[in-house]
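Enquirer: Next comes entry.cif, mmCIF, C-alpha atoms:
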data_coords
loop_
_atom_site.label_atom_id
_atom_site.label_comp_id
_atom_site.auth_asym_id
_atom_site.auth_seq_id
_atom_site.Cartn_x
_atom_site.Cartn_y
_atom_site.Cartn_z
CA MET A 766 6.13 40.92 4.15
CA LYS A 767 6.94 40.76 7.83
CA ALA A 768 7.52 37.76 10.11
CA LYS A 769 9.08 37.30 13.55
CA VAL A 770 12.36 35.42 13.47
CA ASN A 771 13.70 34.42 16.88
CA GLY A 772 11.59 37.13 18.46
CA LEU A 773 12.66 39.96 16.12
CA GLU A 774 10.44 41.31 13.39
CA ARG A 775 12.14 40.92 9.98
CA GLU A 776 11.24 42.03 6.48
CA LEU A 777 11.19 38.96 4.22
CA ALA A 778 10.76 38.67 0.46
CA ASP A 779 7.37 37.41 -0.68
CA GLY A 780 7.44 33.63 -1.11
CA SER A 781 10.13 33.14 1.53
CA THR A 782 10.49 29.61 2.84
CA VAL A 783 12.02 28.25 6.03
CA ALA A 784 15.19 27.64 3.99
CA THR A 785 15.26 31.35 3.03
CA VAL A 786 15.12 32.35 6.69
CA LEU A 787 17.93 29.92 7.59
CA ALA A 788 20.12 31.36 4.84
CA LEU A 789 19.37 34.87 6.14
CA LEU A 790 20.58 33.78 9.61
CA ASP A 791 23.65 32.10 8.13
CA ALA A 792 22.58 28.92 9.95
CA PRO A 793 25.00 25.98 9.99
CA ALA A 794 24.15 22.91 7.92
CA SER A 795 23.62 20.67 10.94
CA GLY A 796 22.60 20.97 14.58
CA VAL A 797 19.67 23.35 14.09
CA ALA A 798 15.91 22.91 14.21
CA VAL A 799 13.03 25.13 13.20
CA ALA A 800 9.56 25.75 14.62
CA LEU A 801 6.98 27.67 12.60
CA ASP A 802 4.16 29.01 14.77
CA GLY A 803 4.93 26.44 17.45
CA GLU A 804 5.18 23.38 15.19
CA VAL A 805 8.42 21.65 14.25
CA VAL A 806 9.26 21.86 10.55
CA PRO A 807 11.23 18.74 9.59
CA ARG A 808 14.51 19.33 7.80
CA ALA A 809 13.19 17.68 4.62
CA ALA A 810 10.44 20.29 4.39
CA TRP A 811 12.54 23.43 4.91
CA GLY A 812 12.74 24.22 1.21
CA THR A 813 9.04 23.79 0.56
CA THR A 814 7.48 25.28 3.70
CA SER A 815 6.57 28.91 3.09
CA VAL A 816 6.68 31.46 5.90
CA PRO A 817 3.32 33.27 6.04
CA GLU A 818 2.96 36.99 6.76
CA GLY A 819 2.92 37.62 10.51
CA SER A 820 4.15 34.15 11.47
CA ALA A 821 6.75 33.36 14.11
CA VAL A 822 9.85 31.37 13.18
CA GLU A 823 12.10 29.97 15.90
CA VAL A 824 15.52 28.64 14.95
CA LEU A 825 17.22 26.70 17.73
CA THR A 826 20.57 25.07 18.26
CA ALA A 827 22.39 23.32 21.10
CA VAL A 828 24.38 25.46 23.52
CA GLN A 829 26.19 24.84 26.82
CA GLY A 830 23.68 24.07 29.53
CA GLY A 831 22.32 21.70 32.11
CA MET B 1441 32.42 -3.28 30.67
CA ASP B 1442 32.50 -4.69 34.18
CA ASP B 1443 29.57 -2.90 35.74
CA PRO B 1444 27.92 -0.79 33.07
CA LEU B 1445 25.17 1.77 33.56
CA VAL B 1446 22.26 0.65 31.37
CA ILE B 1447 19.63 3.16 30.30
CA ALA B 1448 16.96 2.07 27.81
CA GLY B 1449 19.15 -0.84 26.74
CA ARG B 1450 22.21 1.31 26.09
CA GLU B 1451 25.39 0.68 28.11
CA PHE B 1452 27.70 3.33 29.51
CA GLY B 1453 31.02 2.61 31.19
CA SER B 1454 30.88 5.82 33.23
CA ARG B 1455 28.26 6.49 35.88
CA LEU B 1456 28.96 10.21 35.87
CA ILE B 1457 26.74 12.23 33.56
CA MET B 1458 27.95 15.79 33.07
CA GLY B 1459 26.30 19.06 32.16
CA THR B 1460 28.02 21.69 30.07
CA GLY B 1461 26.54 24.80 31.70
CA GLY B 1462 28.62 27.27 33.64
CA ALA B 1463 32.06 26.60 32.14
CA ALA B 1464 34.11 29.74 31.54
CA ASN B 1465 34.96 28.64 28.00
CA LEU B 1466 35.08 25.56 25.79
CA SER B 1467 38.69 24.78 26.59
CA VAL B 1468 38.00 24.61 30.34
CA LEU B 1469 34.95 22.51 29.56
CA GLU B 1470 36.95 20.14 27.40
CA ARG B 1471 39.55 19.48 30.09
CA ALA B 1472 36.83 18.95 32.70
CA LEU B 1473 34.87 16.53 30.49
CA VAL B 1474 37.98 14.50 29.73
CA ALA B 1475 38.94 14.36 33.43
CA SER B 1476 35.40 13.30 34.38
CA GLY B 1477 35.47 10.28 32.08
CA THR B 1478 31.83 10.96 31.18
CA GLU B 1479 30.17 9.38 28.16
CA LEU B 1480 26.88 11.31 28.30
CA THR B 1481 26.57 15.06 28.70
CA THR B 1482 23.69 17.51 28.59
CA VAL B 1483 23.25 20.49 26.30
CA ALA B 1484 20.50 23.12 26.24
CA MET B 1485 18.46 24.29 23.25
CA ARG B 1486 18.48 28.03 22.55
CA ARG B 1487 17.85 30.47 19.73
CA LEU B 1488 20.58 30.46 17.12
CA ASP B 1489 22.86 33.47 17.26
CA SER B 1490 26.49 34.17 16.52
CA SER B 1491 27.76 33.21 19.99
CA GLY B 1492 27.54 30.09 22.12
CA GLY B 1493 28.15 27.54 19.38
CA GLY B 1494 30.73 24.83 19.29
CA VAL B 1495 29.58 22.63 22.15
CA LEU B 1496 28.24 19.92 19.82
CA ASP B 1497 31.51 19.88 17.89
CA LEU B 1498 33.38 19.51 21.16
CA LEU B 1499 31.25 16.60 22.35
CA GLY B 1500 31.54 14.94 18.95
CA ARG B 1501 35.32 15.25 19.01
CA LEU B 1502 35.50 13.76 22.52
CA GLY B 1503 33.14 10.91 21.63
CA VAL B 1504 30.68 12.03 24.31
CA THR B 1505 26.98 11.55 23.55
CA ALA B 1506 24.95 14.77 23.72
CA LEU B 1507 21.80 14.62 25.84
CA PRO B 1508 19.54 17.59 25.05
CA ASN B 1509 17.56 19.06 27.93
CA THR B 1510 14.45 21.21 28.12
CA ALA B 1511 15.96 23.68 30.59
CA GLY B 1512 14.07 26.94 30.85
CA CYS B 1513 10.68 25.39 30.05
CA ARG B 1514 7.83 26.21 32.44
CA THR B 1515 4.98 24.28 30.84
CA ALA B 1516 4.48 20.84 29.38
CA ALA B 1517 3.74 22.38 25.98
CA GLU B 1518 7.05 24.29 25.94
CA ALA B 1519 8.99 21.22 27.04
CA VAL B 1520 7.37 18.97 24.42
CA LEU B 1521 8.14 21.46 21.63
CA THR B 1522 11.73 21.88 22.86
CA ALA B 1523 12.24 18.11 22.96
CA ARG B 1524 10.90 17.76 19.44
CA LEU B 1525 13.20 20.54 18.21
CA ALA B 1526 16.14 18.86 19.94
CA ARG B 1527 15.29 15.57 18.26
CA GLU B 1528 15.26 17.34 14.90
CA ALA B 1529 18.49 19.28 15.54
CA LEU B 1530 20.54 16.54 17.19
CA GLY B 1531 19.03 13.41 15.71
CA THR B 1532 18.40 11.83 19.11
CA ASP B 1533 15.16 10.77 20.76
CA TRP B 1534 16.73 10.95 24.21
CA VAL B 1535 15.78 13.94 26.31
CA LYS B 1536 16.47 15.17 29.81
CA LEU B 1537 13.04 16.51 30.68
CA GLU B 1538 13.11 19.61 32.83
CA VAL B 1539 9.98 21.62 33.62
CA VAL B 1540 10.67 24.05 36.43
CA ALA B 1541 8.18 26.09 38.44
CA ASP B 1542 10.03 29.34 39.13
CA ASP B 1543 13.41 31.07 38.91
CA GLN B 1544 14.08 31.25 42.64
CA THR B 1545 14.00 27.53 43.36
CA LEU B 1546 14.17 26.00 39.88
CA LEU B 1547 12.22 23.16 41.46
CA PRO B 1548 10.36 20.81 39.12
CA ASP B 1549 6.66 21.55 38.53
CA PRO B 1550 5.24 18.06 39.13
CA VAL B 1551 1.95 18.62 37.31
CA GLU B 1552 3.56 19.93 34.13
CA LEU B 1553 6.35 17.36 34.41
CA LEU B 1554 3.97 14.39 34.44
CA ASP B 1555 1.99 15.84 31.55
CA ALA B 1556 5.12 16.42 29.46
CA ALA B 1557 6.57 13.00 30.33
CA GLU B 1558 3.42 11.23 29.19
CA LYS B 1559 3.29 13.10 25.88
CA LEU B 1560 6.97 12.52 25.13
CA VAL B 1561 6.85 8.80 26.02
CA ASP B 1562 3.82 8.48 23.71
CA ASP B 1563 5.82 10.26 21.00
CA GLY B 1564 8.61 7.67 21.23
CA PHE B 1565 11.14 9.61 23.29
CA VAL B 1566 13.54 8.08 25.81
CA VAL B 1567 12.56 10.37 28.68
CA LEU B 1568 14.90 11.09 31.59
CA PRO B 1569 12.92 13.39 33.89
CA TYR B 1570 14.47 15.78 36.40
CA THR B 1571 12.17 15.40 39.39
CA SER B 1572 11.87 16.36 43.03
CA ASP B 1573 12.96 13.81 45.64
CA ASP B 1574 9.35 12.67 46.06
CA PRO B 1575 9.14 8.84 46.01
CA VAL B 1576 5.52 8.91 44.87
CA LEU B 1577 6.22 11.19 41.91
CA ALA B 1578 9.27 9.12 40.95
CA LEU B 1579 7.14 6.00 40.81
CA ARG B 1580 4.49 7.75 38.74
CA LEU B 1581 7.13 8.86 36.24
CA GLU B 1582 8.42 5.30 35.96
CA GLN B 1583 4.89 3.96 35.47
CA LEU B 1584 4.39 6.45 32.62
CA GLY B 1585 7.31 4.82 30.83
CA CYS B 1586 10.27 7.05 31.67
CA ALA B 1587 13.61 5.32 31.05
CA ALA B 1588 15.11 6.61 34.31
CA VAL B 1589 14.15 8.95 37.12
CA MET B 1590 16.41 11.79 38.14
CA PRO B 1591 15.59 13.14 41.62
CA LEU B 1592 17.35 16.21 42.92
CA GLY B 1593 19.61 16.13 45.95
CA SER B 1594 18.88 19.83 46.49
CA PRO B 1595 17.98 22.72 44.15
CA ILE B 1596 20.00 23.24 40.96
CA GLY B 1597 23.27 25.05 41.49
CA THR B 1598 23.04 25.26 45.29
CA GLY B 1599 25.73 22.71 46.11
CA LEU B 1600 23.74 21.80 49.22
CA GLY B 1601 24.22 18.08 48.64
CA ILE B 1602 21.56 15.48 49.38
CA ARG B 1603 19.09 17.08 51.81
CA ASN B 1604 16.85 14.06 52.20
CA PRO B 1605 18.92 10.89 51.83
CA HIS B 1606 16.04 8.75 53.09
CA ASN B 1607 13.83 9.88 50.21
CA ILE B 1608 16.55 8.96 47.73
CA GLU B 1609 16.78 5.51 49.36
CA LEU B 1610 13.01 5.13 49.16
CA ILE B 1611 13.05 6.03 45.46
CA VAL B 1612 15.88 3.56 44.81
CA SER B 1613 14.21 0.77 46.77
CA ARG B 1614 11.10 0.81 44.58
CA ALA B 1615 12.49 1.78 41.19
CA SER B 1616 13.08 -0.71 38.42
CA VAL B 1617 14.62 1.92 36.14
CA PRO B 1618 17.94 3.65 36.91
CA VAL B 1619 17.80 6.38 39.54
CA ILE B 1620 20.15 9.22 38.67
CA LEU B 1621 20.89 11.83 41.32
CA ASP B 1622 20.50 15.10 39.48
CA ALA B 1623 21.23 18.53 40.96
CA GLY B 1624 22.57 19.79 44.25
CA VAL B 1625 25.92 17.99 44.28
CA GLY B 1626 28.55 20.34 45.73
CA THR B 1627 31.58 18.15 46.17
CA ALA B 1628 32.88 14.63 45.69
CA SER B 1629 31.47 13.23 48.95
CA ASP B 1630 27.96 14.19 47.78
CA ALA B 1631 28.45 12.17 44.61
CA ALA B 1632 29.81 9.23 46.64
CA LEU B 1633 26.82 9.40 49.00
CA ALA B 1634 24.38 9.31 46.07
CA MET B 1635 25.98 6.10 44.86
CA GLU B 1636 26.12 4.63 48.37
CA LEU B 1637 22.37 5.26 48.67
CA GLY B 1638 21.92 3.09 45.59
CA CYS B 1639 21.68 5.58 42.75
CA SER B 1640 22.79 4.20 39.39
CA ALA B 1641 24.50 7.41 38.32
CA VAL B 1642 25.04 11.06 39.17
CA LEU B 1643 24.38 14.05 36.92
CA LEU B 1644 26.15 17.29 37.77
CA ALA B 1645 27.49 20.44 36.17
CA THR B 1646 27.88 23.48 38.41
CA ALA B 1647 29.96 21.70 41.07
CA VAL B 1648 32.60 21.09 38.39
CA THR B 1649 32.25 23.96 35.96
CA ARG B 1650 32.20 26.64 38.67
CA ALA B 1651 34.83 25.03 40.92
CA GLN B 1652 38.10 26.91 41.25
CA ASP B 1653 39.81 24.13 39.32
CA PRO B 1654 37.14 22.44 37.18
CA GLU B 1655 39.47 19.79 35.75
CA ARG B 1656 40.59 18.64 39.20
CA MET B 1657 37.03 18.69 40.56
CA ALA B 1658 35.91 16.61 37.58
CA ALA B 1659 38.54 14.01 38.51
CA ALA B 1660 37.33 14.17 42.13
CA MET B 1661 33.72 13.57 41.05
CA ARG B 1662 34.76 10.65 38.92
CA ALA B 1663 36.59 9.10 41.87
CA GLY B 1664 33.67 9.89 44.20
CA VAL B 1665 31.16 8.17 41.94
CA GLU B 1666 33.42 5.15 41.54
CA ALA B 1667 34.10 4.91 45.30
CA GLY B 1668 30.42 5.22 46.15
CA ARG B 1669 29.46 2.59 43.63
CA LEU B 1670 32.08 0.16 44.95
CA ALA B 1671 30.96 0.76 48.53
CA ARG B 1672 27.33 0.12 47.58
CA LEU B 1673 28.23 -3.14 45.86
CA ALA B 1674 30.53 -4.14 48.75
CA GLY B 1675 27.76 -3.73 51.33
CA ARG B 1676 28.49 -1.43 54.23
CA ILE B 1677 28.53 -2.55 57.86
CA PRO B 1678 25.46 -1.76 59.94
CA LYS B 1679 25.66 1.37 62.09
CA ARG B 1680 25.99 0.54 65.82
CA PHE B 1681 25.46 2.62 68.91
CA TRP B 1682 28.30 1.04 70.93
CA ALA B 1683 31.86 0.30 70.00
CA HIS B 1684 32.76 -3.08 68.57
CA ALA B 1685 36.42 -4.02 68.93
CA SER B 1686 38.23 -4.85 65.75
CA SER B 1687 41.12 -6.56 67.59
CA PRO B 1688 40.67 -9.92 69.34
CA ALA B 1689 39.46 -9.59 72.93
CA MET B 1690 41.17 -12.80 74.08
CA GLY B 1691 44.78 -13.92 74.31
#
In structure tokens, write the structure found in this file.

Expert:
Amino acid sequence: MKAKVNGLERELADGSTVATVLALLDAPASGVAVALDGEVVPRAAWGTTSVPEGSAVEVLTAVQGG
Amino acid sequence: MDDPLVIAGREFGSRLIMGTGGAANLSVLERALVASGTELTTVAMRRLDSSGGGVLDLLGRLGVTALPNTAGCRTAAEAVLTARLAREALGTDWVKLEVVADDQTLLPDPVELLDAAEKLVDDGFVVLPYTSDDPVLALRLEQLGCAAVMPLGSPIGTGLGIRNPHNIELIVSRASVPVILDAGVGTASDAALAMELGCSAVLLATAVTRAQDPERMAAAMRAGVEAGRLARLAGRIPKRFWAHASSPAMG
């Protein structure tokens, strides 16, 4: 199935969760946050929140700015 | 602490809040942050990729508190989502709220700003809004429950200093939350002026990070903020039209 991850369309295995996507991105253990279709997914729910076909996942972190 | 800056009940020994944007690399940034003496420093939230990391580690190592911002947001909805993501990523409910209208001016969009501020205050955030130097808007933001108001001196990154000092004084005179001069500072005298006008703190980035010698400029800003604060507390003499001799006229 396909989903948009940080603006790029990616092929994901069926049953992928937010945690699967983070592993795919090699995300660090801390300092990141995830929005699924515009809603924040709390860290505690990453492993249980599935990523639906055609959804948009945004993975953010802090960078230099302001 | 002798004369701490207090925001939402939290004390800071330094009245200089730094930004991390614009530094050539993390090592330059580190030296500048140390020289500035800052205890609170902004970071932006962006999509995770392989580059641009490390700023949180740096702030953690220096013992500087990270203040996430909503830079780049154009609508209240974007800013609220960014703040919530920052809270999740950084474990802080403090946010520098920025909702700008366009790329040319980067001026705050007051309508979206008020909307976002209200939603974030309701959601339990400590909201520090970047606002125009409009005394009416500043008061409205305070009434909504913002923990400080942060009027610009001039547009972000211009280094044009404080274009309307009277407006900053008006904002200070009516505020009961800290007023933090945010944006437009070009050099140390601008930072000193902000404090002389009664601001509680100064937030700046570009003036230091893009200076020829960021570390030295950071030290200059620190001294400027301290000098301006002392002068404000000391109470300046009134301005006079005619000379007034400082030596005795008699004898």

Enquirer: Please report the interatomic distance between CA of Ala1667 (chain B) and CA of Gly1462 (chain B) in Å with one decimal.

Expert: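 Taking CA of Ala1667 (chain B) as the start and CA of Gly1462 (chain B) as the end point, the length is 25.8 Å.
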
Enquirer: What separation in Å, quoted to one decimal, exists between CA of Cys1513 (chain B) and CA of Pro1550 (chain B)?

Expert: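 According to the coordinates, CA of Cys1513 (chain B) and CA of Pro1550 (chain B) are separated by 12.9 Å.
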
Enquirer: Mind pulling up the distance from CA of Ala1578 (chain B) to CA of Ile1611 (chain B)?

Expert: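 A separation of 6.6 Å between them.
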
Enquirer: Could I get the residues of chain B with an atom no further than 6 Å from an atom of chain A, each paired with its nearest atom pair and that distance in Å to one decimal, using only C-alpha atoms, sorted by chain and residue number, as JSON lines?

Expert:
{"residue": "B:Gly1459", "atom": "CA", "partner": "A:Gly831", "partner_atom": "CA", "distance": 4.8}
{"residue": "B:Thr1460", "atom": "CA", "partner": "A:Gln829", "partner_atom": "CA", "distance": 4.9}
{"residue": "B:Gly1461", "atom": "CA", "partner": "A:Gly830", "partner_atom": "CA", "distance": 3.7}
{"residue": "B:Thr1482", "atom": "CA", "partner": "A:Gly831", "partner_atom": "CA", "distance": 5.6}
{"residue": "B:Val1483", "atom": "CA", "partner": "A:Gly830", "partner_atom": "CA", "distance": 4.8}
{"residue": "B:Ala1484", "atom": "CA", "partner": "A:Gly830", "partner_atom": "CA", "distance": 4.7}
{"residue": "B:Met1485", "atom": "CA", "partner": "A:Ala827", "partner_atom": "CA", "distance": 4.6}
{"residue": "B:Arg1486", "atom": "CA", "partner": "A:Leu825", "partner_atom": "CA", "distance": 5.2}
{"residue": "B:Arg1487", "atom": "CA", "partner": "A:Leu825", "partner_atom": "CA", "distance": 4.3}
{"residue": "B:Leu1488", "atom": "CA", "partner": "A:Leu825", "partner_atom": "CA", "distance": 5.1}
{"residue": "B:Gly1492", "atom": "CA", "partner": "A:Val828", "partner_atom": "CA", "distance": 5.8}
{"residue": "B:Gly1493", "atom": "CA", "partner": "A:Val828", "partner_atom": "CA", "distance": 6.0}
{"residue": "B:Leu1525", "atom": "CA", "partner": "A:Ala798", "partner_atom": "CA", "distance": 5.4}
{"residue": "B:Glu1528", "atom": "CA", "partner": "A:Ala798", "partner_atom": "CA", "distance": 5.7}
{"residue": "B:Ala1529", "atom": "CA", "partner": "A:Val797", "partner_atom": "CA", "distance": 4.5}
{"residue": "B:Leu1530", "atom": "CA", "partner": "A:Gly796", "partner_atom": "CA", "distance": 5.5}

Enquirer: Deliver the residues from the most recent selection as a file, using C-alpha atoms, as a PDB file, keeping the file's coordinate frame.

Expert:
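Dumped to result20.pdb:
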ATOM      1  CA  GLY B1459      26.300  19.060  32.160  1.00  0.00           C
ATOM      2  CA  THR B1460      28.020  21.690  30.070  1.00  0.00           C
ATOM      3  CA  GLY B1461      26.540  24.800  31.700  1.00  0.00           C
ATOM      4  CA  THR B1482      23.690  17.510  28.590  1.00  0.00           C
ATOM      5  CA  VAL B1483      23.250  20.490  26.300  1.00  0.00           C
ATOM      6  CA  ALA B1484      20.500  23.120  26.240  1.00  0.00           C
ATOM      7  CA  MET B1485      18.460  24.290  23.250  1.00  0.00           C
ATOM      8  CA  ARG B1486      18.480  28.030  22.550  1.00  0.00           C
ATOM      9  CA  ARG B1487      17.850  30.470  19.730  1.00  0.00           C
ATOM     10  CA  LEU B1488      20.580  30.460  17.120  1.00  0.00           C
ATOM     11  CA  GLY B1492      27.540  30.090  22.120  1.00  0.00           C
ATOM     12  CA  GLY B1493      28.150  27.540  19.380  1.00  0.00           C
ATOM     13  CA  LEU B1525      13.200  20.540  18.210  1.00  0.00           C
ATOM     14  CA  GLU B1528      15.260  17.340  14.900  1.00  0.00           C
ATOM     15  CA  ALA B1529      18.490  19.280  15.540  1.00  0.00           C
ATOM     16  CA  LEU B1530      20.540  16.540  17.190  1.00  0.00           C
TER      17      LEU B1530
END

Enquirer: On this file, the PyMOL selection byres ((chain B and resi 1606) around 12) gives some set of residues; write that set as an mmCIF file with C-alpha atoms, keeping the file's coordinate frame.

Expert:
data_model
loop_
_atom_site.group_PDB
_atom_site.id
_atom_site.type_symbol
_atom_site.label_atom_id
_atom_site.label_comp_id
_atom_site.auth_asym_id
_atom_site.auth_seq_id
_atom_site.Cartn_x
_atom_site.Cartn_y
_atom_site.Cartn_z
ATOM 1 C CA ASP B 1573 12.960 13.810 45.640
ATOM 2 C CA ASP B 1574 9.350 12.670 46.060
ATOM 3 C CA PRO B 1575 9.140 8.840 46.010
ATOM 4 C CA GLY B 1593 19.610 16.130 45.950
ATOM 5 C CA ILE B 1602 21.560 15.480 49.380
ATOM 6 C CA ARG B 1603 19.090 17.080 51.810
ATOM 7 C CA ASN B 1604 16.850 14.060 52.200
ATOM 8 C CA PRO B 1605 18.920 10.890 51.830
ATOM 9 C CA ASN B 1607 13.830 9.880 50.210
ATOM 10 C CA ILE B 1608 16.550 8.960 47.730
ATOM 11 C CA GLU B 1609 16.780 5.510 49.360
ATOM 12 C CA LEU B 1610 13.010 5.130 49.160
ATOM 13 C CA ILE B 1611 13.050 6.030 45.460
ATOM 14 C CA VAL B 1612 15.880 3.560 44.810
ATOM 15 C CA SER B 1613 14.210 0.770 46.770
ATOM 16 C CA LEU B 1633 26.820 9.400 49.000
ATOM 17 C CA ALA B 1634 24.380 9.310 46.070
ATOM 18 C CA GLU B 1636 26.120 4.630 48.370
ATOM 19 C CA LEU B 1637 22.370 5.260 48.670
ATOM 20 C CA GLY B 1638 21.920 3.090 45.590
#

Enquirer: Which residues are close to region 1465-1479 of chain B, i.e. within 7 Å by only C-alpha atoms, leaving aside same-chain residues fewer than 6 positions away? Reply as a ChimeraX atom specification.

Expert: /B:1452,1454,1456-1458,1504-1505,1654-1655,1658-1659,1661-1662

Enquirer: Near Arg1580 (chain B), counting only C-alpha atoms, which residues have an atom at most 10 Å away, once you skip same-chain residues fewer than 6 positions from it, shown as a short mmCIF file (atom, residue, chain, number, x, y, z; two decimals) with C-alpha atoms, in the coordinates of the input?

Expert:
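out.cif was written with the following content:
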data_model
loop_
_atom_site.label_atom_id
_atom_site.label_comp_id
_atom_site.auth_asym_id
_atom_site.auth_seq_id
_atom_site.Cartn_x
_atom_site.Cartn_y
_atom_site.Cartn_z
CA LEU B 1554 3.97 14.39 34.44
CA CYS B 1586 10.27 7.05 31.67
CA VAL B 1589 14.15 8.95 37.12
#

Enquirer: Which residues, written as a PyMOL selection string, have at least one atom at most 9 Å from Ser820 (chain A), with only C-alpha atoms counted and residues fewer than 6 positions away on the same chain left out?

Expert: chain A and resi 767-770+801-802

Enquirer: Scan for residues within 8 Å of the point (12.4, 36.4, 5.2) in the coordinates of the file, using only C-alpha atoms, and reply as a PyMOL selection string.

Expert: chain A and resi 766-768+775-779+781-782+785-786+789+816

Enquirer: Show me, as a VMD selection string, the residues that have an atom within 8 Å of Thr1627 (chain B) when counting all atoms listed in the file, minus same-chain residues fewer than 6 positions from it.

Expert: chain B and resid 1599 1601 1647 1657 1661

Enquirer: If the PyMOL selection byres ((chain B and resi 1592) around 6) is run on the structure shown, which residues does it catch, given as a PyMOL selection string?

Expert: chain B and resi 1572-1573+1591+1593-1594+1621-1623

Enquirer: List, as a list in words, every residue that the PyMOL selection byres ((chain B and resi 1546) around 12) selects in the file provided.

Expert: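 After applying the PyMOL selection byres ((chain B and resi 1546) around 12), what remains is Ala1511, Gly1512, Cys1513, Arg1514, Glu1538, Val1539, Val1540, Ala1541, Asp1542, Asp1543, Gln1544, Thr1545, Leu1547, Pro1548, Asp1549, Pro1550, Tyr1570, Thr1571, Ser1572, Leu1592, Ser1594, Pro1595, Ile1596, Gly1597, Thr1598, Ala1623 and Gly1624 of chain B.
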
Enquirer: Kindly indicate which residue among B:Arg1455, B:Ala1651, B:Val1561, B:Ala1517 lies nearest to Gly1664 (chain B), using all atoms listed in the file for the distances.

Expert: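 Closest candidate: B:Arg1455.
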
Enquirer: Considering all atoms listed in the file, state which residue in the set B:Ala1448, B:Ala1463, B:Ala1674, B:Leu1502 is at the smallest distance from Val1648 (chain B).

Expert: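 Checking each candidate against Val1648 (chain B), we get B:Ala1463 as the closest.
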
Enquirer: Taking (11.7, 28.4, 0.3) in the file's coordinates as the center, which residues reach within 8 Å of it, counting all atoms listed in the file, put as a list of chain:residue names?

Expert: A:Gly780, A:Ser781, A:Thr782, A:Val783, A:Ala784, A:Thr785, A:Trp811, A:Gly812, A:Thr813, A:Thr814, A:Ser815

Enquirer: For region 767-778 of chain A, supply N, CA, C and O atoms and report the output as a PDB file, in the frame of the given file.

Expert:
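In the end it all went to rebuild_19.pdb:
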ATOM      1  N   LYS A 767       6.250  40.800   6.547  1.00  0.00           N
ATOM      2  CA  LYS A 767       6.940  40.760   7.830  1.00  0.00           C
ATOM      3  C   LYS A 767       6.669  39.427   8.556  1.00  0.00           C
ATOM      4  O   LYS A 767       5.567  38.895   8.487  1.00  0.00           O
ATOM      5  N   ALA A 768       7.692  38.930   9.239  1.00  0.00           N
ATOM      6  CA  ALA A 768       7.520  37.760  10.110  1.00  0.00           C
ATOM      7  C   ALA A 768       8.491  37.914  11.276  1.00  0.00           C
ATOM      8  O   ALA A 768       9.488  38.641  11.179  1.00  0.00           O
ATOM      9  N   LYS A 769       8.182  37.254  12.391  1.00  0.00           N
ATOM     10  CA  LYS A 769       9.080  37.300  13.550  1.00  0.00           C
ATOM     11  C   LYS A 769      10.063  36.135  13.453  1.00  0.00           C
ATOM     12  O   LYS A 769       9.646  34.984  13.338  1.00  0.00           O
ATOM     13  N   VAL A 770      11.335  36.443  13.502  1.00  0.00           N
ATOM     14  CA  VAL A 770      12.360  35.420  13.470  1.00  0.00           C
ATOM     15  C   VAL A 770      13.144  35.494  14.781  1.00  0.00           C
ATOM     16  O   VAL A 770      13.758  36.525  15.074  1.00  0.00           O
ATOM     17  N   ASN A 771      13.072  34.446  15.545  1.00  0.00           N
ATOM     18  CA  ASN A 771      13.700  34.420  16.880  1.00  0.00           C
ATOM     19  C   ASN A 771      13.359  35.679  17.688  1.00  0.00           C
ATOM     20  O   ASN A 771      14.218  36.282  18.325  1.00  0.00           O
ATOM     21  N   GLY A 772      12.099  36.043  17.627  1.00  0.00           N
ATOM     22  CA  GLY A 772      11.590  37.130  18.460  1.00  0.00           C
ATOM     23  C   GLY A 772      11.737  38.519  17.858  1.00  0.00           C
ATOM     24  O   GLY A 772      11.179  39.480  18.390  1.00  0.00           O
ATOM     25  N   LEU A 773      12.475  38.654  16.753  1.00  0.00           N
ATOM     26  CA  LEU A 773      12.660  39.960  16.120  1.00  0.00           C
ATOM     27  C   LEU A 773      11.881  40.033  14.818  1.00  0.00           C
ATOM     28  O   LEU A 773      11.924  39.105  14.015  1.00  0.00           O
ATOM     29  N   GLU A 774      11.192  41.160  14.625  1.00  0.00           N
ATOM     30  CA  GLU A 774      10.440  41.310  13.390  1.00  0.00           C
ATOM     31  C   GLU A 774      11.418  41.544  12.229  1.00  0.00           C
ATOM     32  O   GLU A 774      12.320  42.377  12.330  1.00  0.00           O
ATOM     33  N   ARG A 775      11.251  40.768  11.141  1.00  0.00           N
ATOM     34  CA  ARG A 775      12.140  40.920   9.980  1.00  0.00           C
ATOM     35  C   ARG A 775      11.289  41.110   8.740  1.00  0.00           C
ATOM     36  O   ARG A 775      10.171  40.608   8.643  1.00  0.00           O
ATOM     37  N   GLU A 776      11.873  41.847   7.788  1.00  0.00           N
ATOM     38  CA  GLU A 776      11.240  42.030   6.480  1.00  0.00           C
ATOM     39  C   GLU A 776      11.718  40.886   5.585  1.00  0.00           C
ATOM     40  O   GLU A 776      12.925  40.701   5.410  1.00  0.00           O
ATOM     41  N   LEU A 777      10.808  40.095   5.072  1.00  0.00           N
ATOM     42  CA  LEU A 777      11.190  38.960   4.220  1.00  0.00           C
ATOM     43  C   LEU A 777      10.587  39.144   2.832  1.00  0.00           C
ATOM     44  O   LEU A 777       9.509  39.736   2.685  1.00  0.00           O
ATOM     45  N   ALA A 778      11.284  38.627   1.832  1.00  0.00           N
ATOM     46  CA  ALA A 778      10.760  38.670   0.460  1.00  0.00           C
ATOM     47  C   ALA A 778       9.504  37.804   0.382  1.00  0.00           C
ATOM     48  O   ALA A 778       9.400  36.790   1.077  1.00  0.00           O
TER      49      ALA A 778
END
